[in-house]
$ cat final32.pdb   # PDB, C-alpha atoms
ATOM      1  CA  MET A 932     -20.675  94.838 132.137  1.00  0.00           C
ATOM      2  CA  ILE A 933     -20.389  93.792 128.490  1.00  0.00           C
ATOM      3  CA  GLN A 934     -21.851  95.996 125.778  1.00  0.00           C
ATOM      4  CA  ILE A 935     -22.378  94.723 122.221  1.00  0.00           C
ATOM      5  CA  GLU A 936     -23.285  97.136 119.457  1.00  0.00           C
ATOM      6  CA  MET A 937     -23.677  96.664 115.708  1.00  0.00           C
ATOM      7  CA  LEU A 938     -21.822  99.408 113.864  1.00  0.00           C
ATOM      8  CA  ASN A 939     -22.040 100.403 110.210  1.00  0.00           C
ATOM      9  CA  VAL A 940     -18.670 101.084 108.609  1.00  0.00           C
ATOM     10  CA  LYS A 941     -19.017 102.167 104.979  1.00  0.00           C
ATOM     11  CA  GLY A 942     -22.115 100.003 104.560  1.00  0.00           C
ATOM     12  CA  GLN A 943     -20.593  96.913 106.188  1.00  0.00           C
ATOM     13  CA  PRO A 944     -21.606  95.515 109.587  1.00  0.00           C
ATOM     14  CA  VAL A 945     -18.982  95.514 112.325  1.00  0.00           C
ATOM     15  CA  GLN A 946     -19.725  94.118 115.762  1.00  0.00           C
ATOM     16  CA  GLY A 947     -18.384  96.270 118.573  1.00  0.00           C
ATOM     17  CA  VAL A 948     -17.734  94.687 121.961  1.00  0.00           C
ATOM     18  CA  ARG A 949     -16.908  96.760 125.031  1.00  0.00           C
ATOM     19  CA  ILE A 950     -16.019  95.249 128.378  1.00  0.00           C
ATOM     20  CA  VAL A 951     -16.349  97.871 131.080  1.00  0.00           C
ATOM     21  CA  ALA A 952     -13.388  97.781 133.444  1.00  0.00           C
ATOM     22  CA  PRO A 953     -14.248  96.277 136.821  1.00  0.00           C
ATOM     23  CA  GLY A 954     -12.015  98.865 138.494  1.00  0.00           C
ATOM     24  CA  GLY A 955     -14.486 101.616 137.683  1.00  0.00           C
ATOM     25  CA  GLU A 956     -13.803 105.186 136.649  1.00  0.00           C
ATOM     26  CA  GLY A 957     -10.245 105.826 135.543  1.00  0.00           C
ATOM     27  CA  HIS A 958      -9.625 102.245 134.440  1.00  0.00           C
ATOM     28  CA  PRO A 959      -9.525 101.553 130.692  1.00  0.00           C
ATOM     29  CA  ASN A 960     -12.326  99.620 129.044  1.00  0.00           C
ATOM     30  CA  MET A 961     -11.531  96.806 126.619  1.00  0.00           C
ATOM     31  CA  LEU A 962     -12.793  97.382 123.074  1.00  0.00           C
ATOM     32  CA  VAL A 963     -12.853  95.015 120.109  1.00  0.00           C
ATOM     33  CA  LEU A 964     -14.368  95.511 116.665  1.00  0.00           C
ATOM     34  CA  LEU A 965     -15.101  92.158 115.022  1.00  0.00           C
ATOM     35  CA  CYS A 966     -14.915  92.066 111.221  1.00  0.00           C
ATOM     36  CA  LYS A 967     -15.211  89.260 108.646  1.00  0.00           C
ATOM     37  CA  LYS A 968     -11.460  88.598 108.364  1.00  0.00           C
ATOM     38  CA  GLY A 969     -10.129  89.731 111.717  1.00  0.00           C
ATOM     39  CA  TYR A 970     -10.498  92.385 114.348  1.00  0.00           C
ATOM     40  CA  ILE A 971      -9.441  95.762 115.624  1.00  0.00           C
ATOM     41  CA  MET A 972      -8.544  95.893 119.281  1.00  0.00           C
ATOM     42  CA  CYS A 973      -7.607  98.509 121.819  1.00  0.00           C
ATOM     43  CA  GLY A 974      -4.113  98.588 123.259  1.00  0.00           C
ATOM     44  CA  TYR A 975      -5.324  96.866 126.423  1.00  0.00           C
ATOM     45  CA  LEU A 976      -5.372  93.556 124.539  1.00  0.00           C
ATOM     46  CA  ASN A 977      -2.270  91.585 123.534  1.00  0.00           C
ATOM     47  CA  GLN A 978      -1.065  91.847 119.936  1.00  0.00           C
ATOM     48  CA  GLY A 979       1.553  89.153 120.585  1.00  0.00           C
ATOM     49  CA  THR A 980      -1.182  86.602 121.197  1.00  0.00           C
ATOM     50  CA  ALA A 981      -2.970  87.620 117.984  1.00  0.00           C
ATOM     51  CA  GLU A 982       0.277  87.087 116.087  1.00  0.00           C
ATOM     52  CA  ALA A 983       0.959  83.741 117.798  1.00  0.00           C
ATOM     53  CA  VAL A 984      -2.371  82.357 116.572  1.00  0.00           C
ATOM     54  CA  ASN A 985      -2.060  83.973 113.108  1.00  0.00           C
ATOM     55  CA  ASP A 986      -5.030  86.330 113.481  1.00  0.00           C
ATOM     56  CA  ALA A 987      -5.441  89.469 111.397  1.00  0.00           C
ATOM     57  CA  ALA A 988      -5.476  92.175 114.054  1.00  0.00           C
ATOM     58  CA  ALA A 989      -4.850  95.898 114.281  1.00  0.00           C
ATOM     59  CA  VAL A 990      -4.332  97.921 117.447  1.00  0.00           C
ATOM     60  CA  VAL A 991      -6.038 101.323 117.656  1.00  0.00           C
ATOM     61  CA  GLY A 992      -6.227 103.495 120.764  1.00  0.00           C
ATOM     62  CA  GLY A 993      -9.514 104.873 122.007  1.00  0.00           C
ATOM     63  CA  SER A 994     -12.117 104.614 124.718  1.00  0.00           C
ATOM     64  CA  THR A 995     -15.244 104.556 122.501  1.00  0.00           C
ATOM     65  CA  PHE A 996     -16.202 102.815 119.275  1.00  0.00           C
ATOM     66  CA  ASP A 997     -16.197 106.182 117.469  1.00  0.00           C
ATOM     67  CA  GLU A 998     -12.662 106.890 118.685  1.00  0.00           C
ATOM     68  CA  ILE A 999     -11.456 103.445 117.602  1.00  0.00           C
ATOM     69  CA  LEU A1000     -12.866 104.066 114.114  1.00  0.00           C
ATOM     70  CA  ALA A1001     -11.421 107.602 113.853  1.00  0.00           C
ATOM     71  CA  ASN A1002      -7.984 107.103 115.419  1.00  0.00           C
ATOM     72  CA  PRO A1003      -4.891 105.843 113.588  1.00  0.00           C
ATOM     73  CA  VAL A1004      -3.757 102.233 113.637  1.00  0.00           C
ATOM     74  CA  LYS A1005      -0.743 101.872 115.954  1.00  0.00           C
ATOM     75  CA  SER A1006       0.361  98.344 115.043  1.00  0.00           C
ATOM     76  CA  VAL A1007      -0.721  95.423 112.865  1.00  0.00           C
ATOM     77  CA  SER A1008      -0.181  91.685 112.818  1.00  0.00           C
ATOM     78  CA  PRO A1009       1.518  90.178 109.748  1.00  0.00           C
ATOM     79  CA  GLU A1010      -1.846  88.728 108.671  1.00  0.00           C
ATOM     80  CA  ALA A1011      -3.475  92.173 108.829  1.00  0.00           C
ATOM     81  CA  GLU A1012      -0.571  93.673 106.919  1.00  0.00           C
ATOM     82  CA  ALA A1013      -1.092  91.051 104.198  1.00  0.00           C
ATOM     83  CA  LEU A1014      -4.685  92.331 103.855  1.00  0.00           C
ATOM     84  CA  GLY A1015      -3.392  95.864 103.201  1.00  0.00           C
ATOM     85  CA  ILE A1016      -3.768  97.300 106.690  1.00  0.00           C
ATOM     86  CA  ALA A1017      -0.995  99.725 107.600  1.00  0.00           C
ATOM     87  CA  VAL A1018       0.075 101.755 110.599  1.00  0.00           C
ATOM     88  CA  GLY A1019      -1.380 105.259 110.321  1.00  0.00           C
ATOM     89  CA  MET A1020      -4.622 104.444 108.508  1.00  0.00           C
ATOM     90  CA  THR A1021      -7.797 105.017 110.502  1.00  0.00           C
ATOM     91  CA  GLY A1022      -9.625 102.272 112.329  1.00  0.00           C
ATOM     92  CA  ALA A1023     -12.499 102.690 109.846  1.00  0.00           C
ATOM     93  CA  GLU A1024     -10.124 102.158 106.908  1.00  0.00           C
ATOM     94  CA  ALA A1025      -8.753  99.044 108.612  1.00  0.00           C
ATOM     95  CA  ALA A1026     -12.289  97.762 109.289  1.00  0.00           C
ATOM     96  CA  GLU A1027     -13.172  98.248 105.633  1.00  0.00           C
ATOM     97  CA  LYS A1028     -10.204  96.076 104.579  1.00  0.00           C
ATOM     98  CA  LEU A1029     -11.002  93.468 107.245  1.00  0.00           C
ATOM     99  CA  ASN A1030     -14.550  93.256 105.866  1.00  0.00           C
ATOM    100  CA  ALA A1031     -13.614  93.089 102.163  1.00  0.00           C
TER     101      ALA A1031
END
$ encode --input "final32.pdb" --output "structure tokens"
Amino acid sequence: MIQIEMLNVKGQPVQGVRIVAPGGEGHPNMLVLLCKKGYIMCGYLNQGTAEAVNDAAAVVGGSTFDEILANPVKSVSPEAEALGIAVGMTGAEAAEKLNA
């Protein structure tokens, strides 16, 4: 199942996409927050691919949209770093920069 939800991050719209794992309970879901200049993704997705295609992407761990927004950024692509996104800031702070 795919769930799409519009989130409000500091007054800016962010589209949240969750793909529920086909393996059922105990398997991680895939989460992506789509912003104007890039995206925030869970660790299930491949940062190397984001870097290979020059996307601004940040990896944040979590199993819900709220967790992704509250948890710290674990890694960033060079394009995201150029936008001011840094390891350790929250997902919400990263989303704000990706929407600026």
$ atom_distance --input "final32.pdb" --atom1 "CA of Ala1013 (chain A)" --atom2 "CA of Phe996 (chain A)"
24.4 Å
$ resolve_selection --input "final32.pdb" --expression "the PyMOL selection byres ((chain A and resi 934-939) around 12)" --output "ChimeraX atom specification"
/A:932-933,940-952,960-966,995-997,999-1000,1023,1026-1027,1030
$ residues_around --input "final32.pdb" --residues "Ala1017 (chain A)" --least-positions-apart "5" --cutoff "8 Å" --atoms "all atoms listed in the file" --output "mmCIF file with C-alpha atoms, in the coordinates of the input"
data_model
loop_
_atom_site.group_PDB
_atom_site.id
_atom_site.type_symbol
_atom_site.label_atom_id
_atom_site.label_comp_id
_atom_site.auth_asym_id
_atom_site.auth_seq_id
_atom_site.Cartn_x
_atom_site.Cartn_y
_atom_site.Cartn_z
ATOM 1 C CA VAL A 1004 -3.757 102.233 113.637
ATOM 2 C CA SER A 1006 0.361 98.344 115.043
ATOM 3 C CA VAL A 1007 -0.721 95.423 112.865
ATOM 4 C CA GLU A 1012 -0.571 93.673 106.919
ATOM 5 C CA ALA A 1025 -8.753 99.044 108.612
#
$ closest_residue --input "final32.pdb" --among "A:Pro959, A:Gly993, A:Gly954, A:Pro1009" --to "Gln978 (chain A)" --atoms "only C-alpha atoms"
A:Pro1009
$ resolve_selection --input "final32.pdb" --expression "the PyMOL selection byres ((chain A and resi 989) around 7)" --output "ChimeraX atom specification"
/A:970-972,988,990-991,1004,1006-1008,1011
$ closest_residue --input "final32.pdb" --among "A:Gly992, A:Pro953, A:Gly979, A:Gly1015" --to "Lys1028 (chain A)" --atoms "only C-alpha atoms"
A:Gly1015
$ closest_residue --input "final32.pdb" --among "A:Ala983, A:Pro1003, A:Lys968, A:Ser994" --to "Val1018 (chain A)" --atoms "only C-alpha atoms"
A:Pro1003
